[in-house]
Amino acid sequence: MLKIFKNKSEDLPEFWQNYEAKFHEKLPTEIAETRFVVLDTETTGFDLKKDRMLSIGAVAINKKSIDVADGFEEYISQETFNPKTVKIHGIIQNERIETLTEEEAVKAFLKYIGNSVLVAHHAGFDIGMINQALFRMGLPKLKNKVLDTVNLYRGTRIISNLINIEKSYSLDEIAETYNIDIKDRHTAAGDAFITAIAFLTILGKLNTDRKLNLKKLFRY
């Protein structure tokens with residue numbers, strides 16, 4: 001059921017006010033000082049309005065290193081089920097795993113990310129799914145800055161003159177290019193970890209003059 005809140009910050013729930021308060025803090029200018037949260041969602045399909053998230057996985061990057069102790073993984077109880085996508089994510093209906101409601105998972109995720117810079121592969125989809133969940137909760141969209149590894153990877157191809165602007169590079173293609181192990185592919189946490197490795201590799205390739213900072217990174 002869609003919740004309706006008045007368009008005033010003080011009328012929004014406390015957990016959202018706590019999330020918004022984090023954005024009073026300015027982001028660092030240097031990449032090494034920035035906390036990135038690399039995320040992925042597994043879903044019942046690719047329709048932002050009709051489909052639902054099955055799980056959210058994320059891992060943080062602190063000081064340009066993957067911080068495995070600073071991770072996030074939650075499975076979401078299924079009200080919508082699409083058997084056609086089970087072969088992709090492997091999450092079956094009524095599977096005996098601990099789950100949260102969509103609202104509980106989103107609340108936990110907001111607390112986890114704070115004002116961190118979000119990173120995802122084809123970020124528009126994952127961020128869109130989370131924003132649709134927020135919409136159903138009667139809340140605004142995510143406030144975080146977002147980076148898409150597809151766009152960043154294209155940046156490395158421009159430097160090497162191997163760019164195909166029309167091509168939408170898959171995570172598998174990038175993983176193969178960088179020799180990244182994909183044994184945990186198509187789990188939210190596994191894909192987030194693979195994307196985090198790809199992201200750090202891409203940063204190294206973009207930082208050719210050692211002057212890459214957060215502002216320049218958002219230009220890709």
# chains A, B, ... in the order shown; residues from 1 in each chain; ligands from 1

call {"tool": "residues_around", "arguments": {"residues": "region 29-37 of chain A", "least_positions_apart": "4", "cutoff": "7 Å", "atoms": "only C-alpha atoms", "output": "NGL selection string"}}
result
:A and (58-64 or 113 or 116-119 or 213-215)

call {"tool": "residues_around", "arguments": {"residues": "region 38-44 of chain A", "least_positions_apart": "6", "cutoff": "8 Å", "atoms": "only C-alpha atoms", "output": "NGL selection string"}}
result
:A and (51-61 or 80-82 or 85 or 89 or 118-121 or 126 or 186-189 or 191-193 or 195-196)

call {"tool": "write_last_selection", "arguments": {"atoms": "N, CA, C and O atoms", "output": "short mmCIF file (atom, residue, chain, number, x, y, z; two decimals), in the first residue's frame"}}
result
data_model
loop_
_atom_site.label_atom_id
_atom_site.label_comp_id
_atom_site.auth_asym_id
_atom_site.auth_seq_id
_atom_site.Cartn_x
_atom_site.Cartn_y
_atom_site.Cartn_z
N ASP A 51 7.87 -5.10 -11.16
CA ASP A 51 8.73 -6.08 -10.49
C ASP A 51 9.20 -5.57 -9.13
O ASP A 51 9.07 -4.40 -8.80
N ARG A 52 9.76 -6.49 -8.34
CA ARG A 52 10.18 -6.18 -6.99
C ARG A 52 11.58 -6.71 -6.72
O ARG A 52 12.04 -7.65 -7.36
N MET A 53 12.23 -6.12 -5.75
CA MET A 53 13.56 -6.58 -5.33
C MET A 53 13.43 -7.86 -4.50
O MET A 53 12.54 -7.99 -3.68
N LEU A 54 14.35 -8.78 -4.75
CA LEU A 54 14.44 -10.00 -3.97
C LEU A 54 15.57 -9.91 -2.94
O LEU A 54 15.51 -10.55 -1.90
N SER A 55 16.58 -9.15 -3.28
CA SER A 55 17.70 -8.97 -2.36
C SER A 55 18.48 -7.72 -2.73
O SER A 55 18.47 -7.27 -3.88
N ILE A 56 19.14 -7.16 -1.72
CA ILE A 56 20.06 -6.04 -1.91
C ILE A 56 21.40 -6.46 -1.31
O ILE A 56 21.47 -6.91 -0.16
N GLY A 57 22.45 -6.31 -2.10
CA GLY A 57 23.79 -6.61 -1.61
C GLY A 57 24.70 -5.42 -1.85
O GLY A 57 24.54 -4.70 -2.84
N ALA A 58 25.63 -5.19 -0.95
CA ALA A 58 26.53 -4.05 -1.10
C ALA A 58 27.82 -4.30 -0.32
O ALA A 58 27.85 -5.09 0.63
N VAL A 59 28.87 -3.61 -0.76
CA VAL A 59 30.13 -3.64 -0.04
C VAL A 59 30.72 -2.24 -0.12
O VAL A 59 30.56 -1.54 -1.13
N ALA A 60 31.38 -1.83 0.95
CA ALA A 60 31.95 -0.48 1.00
C ALA A 60 33.40 -0.48 0.53
O ALA A 60 34.13 -1.48 0.68
N ILE A 61 33.79 0.63 -0.04
CA ILE A 61 35.19 0.88 -0.37
C ILE A 61 35.63 2.06 0.47
O ILE A 61 35.08 3.16 0.38
N THR A 80 5.83 -10.81 -4.98
CA THR A 80 5.77 -10.99 -6.43
C THR A 80 6.78 -12.06 -6.80
O THR A 80 7.90 -12.05 -6.30
N PHE A 81 6.38 -13.00 -7.65
CA PHE A 81 7.29 -14.09 -8.02
C PHE A 81 7.24 -14.32 -9.52
O PHE A 81 6.19 -14.35 -10.14
N ASN A 82 8.42 -14.43 -10.11
CA ASN A 82 8.55 -14.69 -11.54
C ASN A 82 9.47 -15.89 -11.73
O ASN A 82 10.69 -15.76 -11.62
N THR A 85 12.86 -15.84 -13.87
CA THR A 85 14.12 -15.22 -13.46
C THR A 85 14.88 -16.03 -12.41
O THR A 85 16.00 -15.67 -12.04
N HIS A 89 18.97 -15.59 -10.78
CA HIS A 89 19.39 -15.26 -9.42
C HIS A 89 19.35 -16.45 -8.47
O HIS A 89 19.96 -16.40 -7.40
N LEU A 118 27.28 6.16 -4.21
CA LEU A 118 26.84 4.83 -4.64
C LEU A 118 27.44 4.48 -5.99
O LEU A 118 27.57 5.33 -6.87
N VAL A 119 27.80 3.22 -6.14
CA VAL A 119 28.38 2.71 -7.39
C VAL A 119 27.63 1.45 -7.78
O VAL A 119 27.37 0.58 -6.94
N ALA A 120 27.26 1.35 -9.05
CA ALA A 120 26.59 0.14 -9.53
C ALA A 120 26.85 -0.02 -11.02
O ALA A 120 27.24 0.94 -11.70
N HIS A 121 26.65 -1.24 -11.51
CA HIS A 121 26.77 -1.51 -12.94
C HIS A 121 25.38 -1.41 -13.56
O HIS A 121 24.46 -2.09 -13.10
N ASP A 126 19.26 -0.42 -10.76
CA ASP A 126 19.28 -0.71 -9.32
C ASP A 126 18.78 0.47 -8.51
O ASP A 126 17.97 0.30 -7.58
N HIS A 186 25.51 -13.23 -10.10
CA HIS A 186 24.05 -13.30 -9.99
C HIS A 186 23.55 -13.58 -8.57
O HIS A 186 22.48 -14.13 -8.38
N THR A 187 24.37 -13.22 -7.57
CA THR A 187 23.85 -12.97 -6.24
C THR A 187 24.11 -11.49 -6.00
O THR A 187 25.07 -10.94 -6.53
N ALA A 188 23.25 -10.83 -5.25
CA ALA A 188 23.40 -9.39 -5.07
C ALA A 188 24.75 -9.05 -4.44
O ALA A 188 25.47 -8.17 -4.91
N ALA A 189 25.10 -9.78 -3.37
CA ALA A 189 26.38 -9.51 -2.70
C ALA A 189 27.56 -9.88 -3.60
O ALA A 189 28.57 -9.16 -3.63
N ASP A 191 27.66 -9.97 -6.97
CA ASP A 191 27.78 -9.00 -8.06
C ASP A 191 28.31 -7.66 -7.55
O ASP A 191 29.07 -6.98 -8.25
N ALA A 192 27.93 -7.28 -6.34
CA ALA A 192 28.45 -6.04 -5.76
C ALA A 192 29.96 -6.14 -5.57
O ALA A 192 30.70 -5.19 -5.85
N PHE A 193 30.42 -7.30 -5.11
CA PHE A 193 31.86 -7.49 -4.89
C PHE A 193 32.62 -7.47 -6.22
O PHE A 193 33.69 -6.85 -6.32
N THR A 195 31.66 -5.97 -8.95
CA THR A 195 31.61 -4.59 -9.42
C THR A 195 32.61 -3.72 -8.67
O THR A 195 33.23 -2.82 -9.25
N ALA A 196 32.79 -3.99 -7.37
CA ALA A 196 33.75 -3.22 -6.58
C ALA A 196 35.18 -3.44 -7.10
O ALA A 196 35.97 -2.48 -7.20
#

call {"tool": "atom_distance", "arguments": {"atom1": "CA of Ile130 (chain A)", "atom2": "CA of Gly190 (chain A)"}}
result
18.4 Å

call {"tool": "atom_distance", "arguments": {"atom1": "CA of Ile182 (chain A)", "atom2": "CA of Tyr112 (chain A)"}}
result
25.2 Å

call {"tool": "residues_around", "arguments": {"residues": "Ala108 (chain A)", "least_positions_apart": "3", "cutoff": "10 Å", "atoms": "only C-alpha atoms", "output": "list in words"}}
result
Phe15, Phe72, Glu73, Glu74, Leu100, Glu102, Glu103, Glu104, Ala105, Lys111, Tyr112 and Ile113 of chain A

call {"tool": "closest_residue", "arguments": {"among": "A:Phe125, A:Leu147, A:Leu139, A:Tyr75", "to": "Pro13 (chain A)", "atoms": "only C-alpha atoms"}}
result
A:Leu139

call {"tool": "closest_residue", "arguments": {"among": "A:Trp16, A:Ala123, A:Ala133, A:Lys211", "to": "Leu171 (chain A)", "atoms": "only C-alpha atoms"}}
result
A:Ala123

call {"tool": "closest_residue", "arguments": {"among": "A:Ser65, A:Leu110, A:Ile76, A:Asn115", "to": "Lys145 (chain A)", "atoms": "only C-alpha atoms"}}
result
A:Asn115

call {"tool": "atom_distance", "arguments": {"atom1": "CA of Lys107 (chain A)", "atom2": "CA of Asp184 (chain A)"}}
result
25.7 Å

call {"tool": "closest_residue", "arguments": {"among": "A:Thr149, A:Asn207, A:Ile66, A:Lys143", "to": "Ala21 (chain A)", "atoms": "only C-alpha atoms"}}
result
A:Lys143

call {"tool": "closest_residue", "arguments": {"among": "A:Ile202, A:Val68, A:Leu142, A:Ile97", "to": "Met129 (chain A)", "atoms": "only C-alpha atoms"}}
result
A:Leu142
